[in-house]
file target.cif (mmCIF, C-alpha atoms)
data_input
loop_
_atom_site.label_atom_id
_atom_site.label_comp_id
_atom_site.auth_asym_id
_atom_site.auth_seq_id
_atom_site.Cartn_x
_atom_site.Cartn_y
_atom_site.Cartn_z
CA MET A 1427 -59.91 -72.36 -18.28
CA PRO A 1428 -63.63 -72.30 -19.22
CA ASN A 1429 -65.50 -68.99 -19.47
CA TYR A 1430 -62.35 -67.00 -18.76
CA ASP A 1431 -62.55 -63.26 -19.39
CA PHE A 1432 -59.82 -62.55 -21.95
CA ARG A 1433 -61.00 -59.03 -22.78
CA THR A 1434 -60.79 -57.22 -19.45
CA PRO A 1435 -57.32 -55.82 -18.59
CA ARG A 1436 -55.60 -57.77 -15.81
CA LEU A 1437 -53.13 -56.46 -13.23
CA PHE A 1438 -50.95 -57.97 -10.54
CA VAL A 1439 -51.21 -55.94 -7.32
CA ASP A 1440 -49.12 -56.55 -4.22
CA HIS A 1441 -52.00 -55.82 -1.82
CA PRO A 1442 -54.64 -57.91 -0.03
CA LEU A 1443 -57.77 -58.38 -2.11
CA ALA A 1444 -61.28 -58.57 -0.63
CA SER A 1445 -64.68 -57.15 -1.46
CA GLY A 1446 -64.96 -53.46 -0.59
CA HIS A 1447 -61.22 -52.86 -0.35
CA GLY A 1448 -59.38 -50.17 -2.25
CA VAL A 1449 -56.05 -50.76 -3.94
CA PRO A 1450 -53.71 -47.92 -5.00
CA LEU A 1451 -52.03 -48.32 -8.36
CA LEU A 1452 -48.37 -47.69 -9.09
CA PRO A 1453 -47.64 -44.91 -11.63
CA PRO A 1454 -46.68 -47.38 -14.42
CA GLN A 1455 -49.96 -49.25 -13.88
CA SER A 1456 -51.96 -46.03 -13.97
CA HIS A 1457 -50.13 -44.96 -17.14
CA TYR A 1458 -50.89 -48.29 -18.79
CA LEU A 1459 -54.61 -48.22 -17.98
CA VAL A 1460 -55.33 -44.49 -18.42
CA ASP A 1461 -52.84 -43.29 -21.03
CA VAL A 1462 -52.23 -46.42 -23.10
CA LEU A 1463 -55.60 -48.19 -22.93
CA ARG A 1464 -57.56 -44.91 -22.54
CA MET A 1465 -59.63 -46.33 -19.70
CA LYS A 1466 -61.84 -44.14 -17.52
CA ALA A 1467 -63.10 -44.22 -13.94
CA GLY A 1468 -65.65 -46.99 -13.57
CA ASP A 1469 -64.13 -49.27 -16.23
CA GLY A 1470 -63.57 -52.89 -15.27
CA VAL A 1471 -60.19 -54.39 -14.34
CA LEU A 1472 -59.25 -57.88 -13.14
CA SER A 1473 -56.67 -58.03 -10.36
CA PHE A 1474 -54.74 -60.77 -8.55
CA ASN A 1475 -51.95 -60.94 -5.99
CA GLY A 1476 -50.92 -64.59 -6.11
CA ARG A 1477 -52.67 -65.33 -2.79
CA ASP A 1478 -56.33 -64.30 -2.82
CA GLY A 1479 -57.51 -65.44 -6.24
CA GLU A 1480 -58.69 -63.12 -8.99
CA TRP A 1481 -61.10 -60.23 -8.39
CA ARG A 1482 -63.32 -57.99 -10.49
CA CYS A 1483 -62.55 -54.34 -9.81
CA VAL A 1484 -63.36 -50.93 -11.22
CA LEU A 1485 -60.90 -48.17 -11.95
CA ALA A 1486 -61.18 -45.20 -9.59
CA GLN A 1487 -59.54 -41.77 -9.69
CA LEU A 1488 -58.33 -40.98 -6.19
CA SER A 1489 -56.84 -37.56 -6.98
CA LYS A 1490 -55.62 -35.62 -10.00
CA LYS A 1491 -52.66 -37.94 -10.56
CA LEU A 1492 -53.47 -40.93 -8.35
CA TRP A 1493 -55.55 -43.87 -9.52
CA GLY A 1494 -56.67 -47.01 -7.77
CA LEU A 1495 -59.00 -50.00 -7.93
CA GLU A 1496 -62.23 -50.61 -6.06
CA VAL A 1497 -62.48 -54.36 -5.39
CA ASN A 1498 -65.94 -55.84 -5.98
CA GLU A 1499 -66.23 -59.62 -6.26
CA GLN A 1500 -64.01 -62.64 -6.71
CA SER A 1501 -64.02 -64.05 -10.23
CA ARG A 1502 -61.75 -67.06 -9.56
CA ALA A 1503 -60.62 -68.69 -6.34
CA GLN A 1504 -56.92 -69.18 -5.69
CA THR A 1505 -55.66 -72.50 -7.04
CA LEU A 1506 -52.83 -74.65 -5.73
CA PRO A 1507 -49.81 -74.22 -8.03
CA ALA A 1508 -47.84 -77.17 -9.36
CA ASP A 1509 -44.69 -78.08 -7.43
CA LEU A 1510 -42.44 -77.73 -10.46
CA HIS A 1511 -38.95 -76.25 -10.22
CA TYR A 1512 -37.18 -75.13 -13.38
CA LEU A 1513 -33.37 -75.04 -13.22
CA PHE A 1514 -31.74 -73.27 -16.14
CA ALA A 1515 -28.48 -71.74 -17.27
CA PRO A 1516 -29.07 -67.98 -17.75
CA LEU A 1517 -29.24 -66.60 -21.28
CA LYS A 1518 -28.72 -63.12 -22.65
CA ARG A 1519 -31.46 -60.48 -22.37
CA ALA A 1520 -34.26 -61.07 -24.89
CA ARG A 1521 -33.87 -64.83 -24.94
CA LEU A 1522 -33.88 -64.99 -21.13
CA ASP A 1523 -37.02 -62.84 -21.14
CA TYR A 1524 -38.68 -65.29 -23.53
CA MET A 1525 -37.61 -68.31 -21.48
CA VAL A 1526 -38.95 -66.84 -18.25
CA GLN A 1527 -42.27 -65.86 -19.80
CA LYS A 1528 -42.83 -69.30 -21.30
CA ALA A 1529 -41.86 -71.06 -18.07
CA VAL A 1530 -44.52 -69.02 -16.23
CA GLU A 1531 -47.10 -69.93 -18.86
CA MET A 1532 -46.15 -73.60 -18.47
CA GLY A 1533 -46.86 -73.55 -14.73
CA VAL A 1534 -43.49 -73.58 -12.96
CA SER A 1535 -43.46 -72.72 -9.26
CA LEU A 1536 -39.75 -71.83 -8.97
CA LEU A 1537 -37.31 -70.30 -11.45
CA ALA A 1538 -33.79 -71.24 -10.40
CA PRO A 1539 -30.81 -69.87 -12.41
CA VAL A 1540 -27.76 -72.13 -12.17
CA ILE A 1541 -24.28 -71.21 -13.33
CA THR A 1542 -22.79 -74.06 -15.33
CA ARG A 1543 -19.33 -74.42 -16.85
CA HIS A 1544 -20.57 -73.27 -20.28
CA THR A 1545 -23.08 -70.63 -19.13
CA GLN A 1546 -22.81 -67.63 -21.47
CA ALA A 1547 -24.47 -65.00 -19.27
CA GLU A 1548 -23.53 -65.18 -15.61
CA ARG A 1549 -25.11 -61.87 -14.56
CA VAL A 1550 -28.79 -62.24 -13.76
CA LYS A 1551 -30.99 -59.22 -13.04
CA PHE A 1552 -33.57 -60.31 -10.49
CA GLU A 1553 -35.88 -57.35 -11.11
CA ARG A 1554 -35.93 -58.01 -14.86
CA ILE A 1555 -36.88 -61.65 -14.30
CA ARG A 1556 -39.54 -60.61 -11.79
CA ALA A 1557 -41.01 -58.10 -14.25
CA ASN A 1558 -41.24 -60.80 -16.91
CA VAL A 1559 -42.89 -63.17 -14.43
CA ILE A 1560 -45.57 -60.60 -13.64
CA GLU A 1561 -46.15 -59.66 -17.28
CA ALA A 1562 -46.59 -63.28 -18.32
CA ALA A 1563 -48.94 -64.01 -15.41
CA GLU A 1564 -51.05 -60.93 -16.20
CA GLN A 1565 -51.41 -61.85 -19.85
CA CYS A 1566 -52.08 -65.57 -19.44
CA GLY A 1567 -54.48 -65.78 -16.53
CA VAL A 1568 -51.95 -67.30 -14.13
CA LEU A 1569 -53.00 -66.95 -10.48
CA ALA A 1570 -49.83 -68.02 -8.63
CA LEU A 1571 -46.53 -66.31 -9.44
CA PRO A 1572 -43.44 -68.51 -9.33
CA ASP A 1573 -40.66 -67.65 -6.93
CA VAL A 1574 -37.31 -66.54 -8.36
CA ALA A 1575 -34.16 -67.90 -6.73
CA GLU A 1576 -30.77 -66.25 -6.60
CA PRO A 1577 -28.25 -67.66 -9.11
CA VAL A 1578 -26.05 -70.40 -7.64
CA ALA A 1579 -23.32 -72.68 -8.94
CA PHE A 1580 -24.58 -75.79 -10.70
CA GLU A 1581 -23.00 -78.21 -8.23
CA ARG A 1582 -24.54 -76.40 -5.27
CA ALA A 1583 -27.99 -76.31 -6.88
CA ILE A 1584 -28.05 -80.03 -7.61
CA ALA A 1585 -26.69 -80.95 -4.19
CA ALA A 1586 -29.38 -78.82 -2.54
CA LEU A 1587 -32.27 -80.60 -4.26
CA ASP A 1588 -34.40 -82.68 -1.95
CA PRO A 1589 -33.58 -86.34 -2.73
CA GLU A 1590 -37.31 -87.07 -2.95
CA ARG A 1591 -37.86 -84.52 -5.71
CA LEU A 1592 -37.90 -86.18 -9.11
CA LEU A 1593 -35.37 -84.50 -11.40
CA VAL A 1594 -35.93 -84.58 -15.16
CA PHE A 1595 -32.53 -84.24 -16.84
CA CYS A 1596 -32.80 -83.02 -20.44
CA ASP A 1597 -29.60 -84.33 -22.02
CA GLU A 1598 -28.61 -83.60 -25.60
CA THR A 1599 -26.44 -86.76 -25.62
CA ALA A 1600 -29.18 -89.11 -24.43
CA ASP A 1601 -30.34 -91.89 -26.69
CA GLY A 1602 -33.52 -91.19 -28.62
CA GLY A 1603 -36.91 -92.43 -27.56
CA ASN A 1604 -40.28 -90.96 -26.82
CA PRO A 1605 -39.64 -88.68 -23.82
CA VAL A 1606 -43.28 -88.73 -22.78
CA ALA A 1607 -43.27 -92.53 -22.71
CA ILE A 1608 -39.98 -92.62 -20.81
CA LEU A 1609 -41.24 -90.17 -18.20
CA THR A 1610 -44.60 -91.89 -17.91
CA ALA A 1611 -42.87 -95.22 -17.23
CA GLN A 1612 -39.82 -94.23 -15.19
CA GLY A 1613 -41.02 -90.93 -13.74
CA LEU A 1614 -44.31 -92.21 -12.36
CA ARG A 1615 -42.44 -94.97 -10.55
CA GLY A 1616 -40.16 -92.37 -8.98
CA VAL A 1617 -43.10 -90.19 -8.02
CA ALA A 1618 -45.05 -93.13 -6.57
CA ALA A 1619 -42.05 -94.14 -4.47
CA THR A 1620 -41.50 -90.71 -2.90
CA ALA A 1621 -44.61 -88.53 -3.17
CA ALA A 1622 -47.31 -88.41 -0.53
CA ASP A 1623 -49.77 -87.50 -3.30
CA ALA A 1624 -48.99 -88.63 -6.85
CA ARG A 1625 -51.54 -86.11 -8.13
CA GLN A 1626 -49.23 -83.32 -6.90
CA PRO A 1627 -45.75 -84.68 -7.67
CA ARG A 1628 -42.63 -82.80 -6.60
CA LEU A 1629 -40.76 -82.21 -9.84
CA ALA A 1630 -37.67 -80.40 -11.10
CA VAL A 1631 -36.47 -79.92 -14.67
CA VAL A 1632 -32.91 -78.99 -15.58
CA VAL A 1633 -31.88 -77.65 -18.99
CA GLY A 1634 -28.29 -76.69 -19.73
CA PRO A 1635 -26.72 -73.83 -21.67
CA GLU A 1636 -26.26 -73.76 -25.43
CA GLY A 1637 -22.76 -75.14 -24.95
CA GLY A 1638 -24.24 -78.16 -23.21
CA PHE A 1639 -23.36 -79.74 -19.89
CA SER A 1640 -19.74 -80.56 -19.12
CA GLU A 1641 -18.83 -84.20 -18.55
CA GLY A 1642 -18.47 -83.55 -14.83
CA GLU A 1643 -21.91 -81.94 -14.64
CA ARG A 1644 -23.43 -84.79 -16.62
CA ASP A 1645 -21.80 -87.35 -14.32
CA MET A 1646 -23.17 -85.55 -11.27
CA LEU A 1647 -26.70 -85.60 -12.68
CA LEU A 1648 -26.51 -89.26 -13.66
CA ALA A 1649 -25.18 -90.21 -10.22
CA ARG A 1650 -28.15 -88.59 -8.49
CA LYS A 1651 -30.90 -90.95 -7.42
CA ASN A 1652 -34.49 -90.20 -8.46
CA THR A 1653 -33.36 -88.69 -11.78
CA VAL A 1654 -34.81 -89.47 -15.20
CA ARG A 1655 -32.71 -88.66 -18.25
CA ILE A 1656 -34.53 -87.83 -21.48
CA SER A 1657 -33.79 -86.57 -24.97
CA LEU A 1658 -35.76 -83.71 -26.50
CA GLY A 1659 -35.67 -85.19 -29.97
CA PRO A 1660 -33.33 -85.58 -32.95
CA ARG A 1661 -32.74 -81.86 -33.53
CA ILE A 1662 -30.49 -79.48 -31.64
CA LEU A 1663 -32.67 -76.96 -29.82
CA ARG A 1664 -31.72 -73.52 -28.62
CA ALA A 1665 -31.84 -73.26 -24.86
CA ASP A 1666 -35.00 -71.11 -24.85
CA THR A 1667 -36.74 -73.53 -27.21
CA ALA A 1668 -35.60 -76.46 -25.07
CA ALA A 1669 -37.31 -74.87 -22.07
CA VAL A 1670 -40.69 -74.95 -23.80
CA ALA A 1671 -40.14 -78.50 -25.12
CA ALA A 1672 -38.98 -79.85 -21.77
CA LEU A 1673 -41.79 -78.31 -19.74
CA THR A 1674 -44.38 -79.47 -22.27
CA VAL A 1675 -43.12 -83.05 -22.02
CA VAL A 1676 -43.06 -82.97 -18.22
CA GLN A 1677 -46.54 -81.46 -17.89
CA ALA A 1678 -47.94 -84.00 -20.37
CA ALA A 1679 -46.38 -87.02 -18.67
CA LEU A 1680 -46.32 -86.10 -14.97
CA GLY A 1681 -47.87 -82.68 -14.45
CA ASP A 1682 -51.22 -80.93 -14.66
CA TRP A 1683 -51.90 -81.87 -18.30
CA ARG A 1684 -52.65 -85.46 -17.30
#
call {"tool": "encode", "arguments": {"input": "target.cif", "output": "structure tokens"}}
result
Amino acid sequence: MPNYDFRTPRLFVDHPLASGHGVPLLPPQSHYLVDVLRMKAGDGVLSFNGRDGEWRCVLAQLSKKLWGLEVNEQSRAQTLPADLHYLFAPLKRARLDYMVQKAVEMGVSLLAPVITRHTQAERVKFERIRANVIEAAEQCGVLALPDVAEPVAFERAIAALDPERLLVFCDETADGGNPVAILTAQGLRGVAATAADARQPRLAVVVGPEGGFSEGERDMLLARKNTVRISLGPRILRADTAAVAALTVVQAALGDWR
């Protein structure tokens, strides 16, 4: 991300962005810019909506209590997001927040909660996940926000995967071995056999709960074609740590780090 502006505040806005347009701000956004950051009318703000790229704007006071943005020029064009689905067993509050934020930073295009046999937190608050998605994207320069799926049972989620999507199964019982090397060898073959464009592979990563996958769940994953099973190393990782490790390995071997 060369010459990226890390100093100007950045906001997600759910409005079309084009030169000369005005964008109203929600009260929490106005509070953040005016009351927390002490910004004034005319100060610069970067904005994005996940569709139109990133734009340079200036803060404008529309009335006594209403603030907005005046859109000036595009600073970055919209980029094509990776086709990377992340399937995960929900965690409790702060650790789920962390997992979601890091997944956004790592470039996932879909966050898909799956309810496994040993899932510890079956209630998932969509709005909380969405808020964490937006916050992470704002802070890290992400242009495309991942979608958030409704929680579904593990068996249903795996059965619904397109057979041509390569599934990376992070298994705590797998034999050791360099996961990047395994994915580079086995995963690229799977991508080459199914993808129209190997530069934009269709990928999915599944990480289980802290209690691990049940034997039935493991059998279902191993029986699925176009699945690569990897270990995340010799140490037991917490589920939120495993998310970062797994997505790092996948991006390095098959994704946009290549």
call {"tool": "closest_residue", "arguments": {"input": "target.cif", "among": "A:Leu1522, A:Ile1662, A:Leu1492, A:Leu1647", "to": "Leu1587 in chain A", "atoms": "all atoms listed in the file"}}
result
A:Leu1647
call {"tool": "closest_residue", "arguments": {"input": "target.cif", "among": "A:Leu1488, A:Val1633, A:Leu1495, A:Val1594", "to": "Val1670 in chain A", "atoms": "all atoms listed in the file"}}
result
A:Val1633
call {"tool": "closest_residue", "arguments": {"input": "target.cif", "among": "A:Ala1575, A:Ile1656, A:Leu1472, A:Leu1537", "to": "Cys1596 in chain A", "atoms": "only C-alpha atoms"}}
result
A:Ile1656
call {"tool": "closest_residue", "arguments": {"input": "target.cif", "among": "A:Val1534, A:Leu1506, A:Leu1513, A:Val1675", "to": "Ala1607 in chain A", "atoms": "only C-alpha atoms"}}
result
A:Val1675
call {"tool": "closest_residue", "arguments": {"input": "target.cif", "among": "A:Ile1608, A:Cys1566, A:Ala1515, A:Val1676", "to": "Val1578 in chain A", "atoms": "all atoms listed in the file"}}
result
A:Ala1515
call {"tool": "closest_atom_pairs", "arguments": {"input": "target.cif", "of": "range 1467-1542 of chain A", "to": "range 1552-1563 of chain A", "cutoff": "12 Å", "atoms": "only C-alpha atoms", "output": "CSV"}}
result
residue,atom,partner,partner_atom,distance
A:Ser1473,CA,A:Ala1563,CA,11.0
A:Phe1474,CA,A:Ala1563,CA,9.5
A:Asn1475,CA,A:Ile1560,CA,10.0
A:Gly1476,CA,A:Ala1563,CA,9.5
A:Glu1480,CA,A:Ala1563,CA,11.7
A:Pro1516,CA,A:Ile1555,CA,10.6
A:Leu1517,CA,A:Ile1555,CA,11.5
A:Lys1518,CA,A:Ile1555,CA,11.8
A:Arg1519,CA,A:Arg1554,CA,9.1
A:Ala1520,CA,A:Asn1558,CA,10.6
A:Arg1521,CA,A:Ile1555,CA,11.5
A:Leu1522,CA,A:Ile1555,CA,8.2
A:Asp1523,CA,A:Asn1558,CA,6.3
A:Tyr1524,CA,A:Asn1558,CA,8.4
A:Met1525,CA,A:Asn1558,CA,9.5
A:Val1526,CA,A:Asn1558,CA,6.6
A:Gln1527,CA,A:Ala1562,CA,5.2
A:Lys1528,CA,A:Ala1562,CA,7.7
A:Ala1529,CA,A:Val1559,CA,8.8
A:Val1530,CA,A:Val1559,CA,6.3
A:Glu1531,CA,A:Ala1562,CA,6.7
A:Met1532,CA,A:Ala1562,CA,10.3
A:Gly1533,CA,A:Ala1563,CA,9.8
A:Val1534,CA,A:Val1559,CA,10.5
A:Ser1535,CA,A:Val1559,CA,10.9
A:Leu1536,CA,A:Val1559,CA,10.7
A:Leu1537,CA,A:Ile1555,CA,9.1
A:Ala1538,CA,A:Ile1555,CA,10.8
A:Pro1539,CA,A:Phe1552,CA,10.1
call {"tool": "resolve_selection", "arguments": {"input": "target.cif", "expression": "the PyMOL selection byres ((chain A and resi 1433) around 12)", "output": "ChimeraX atom specification"}}
result
/A:1429-1432,1434-1436,1470-1472,1565-1567
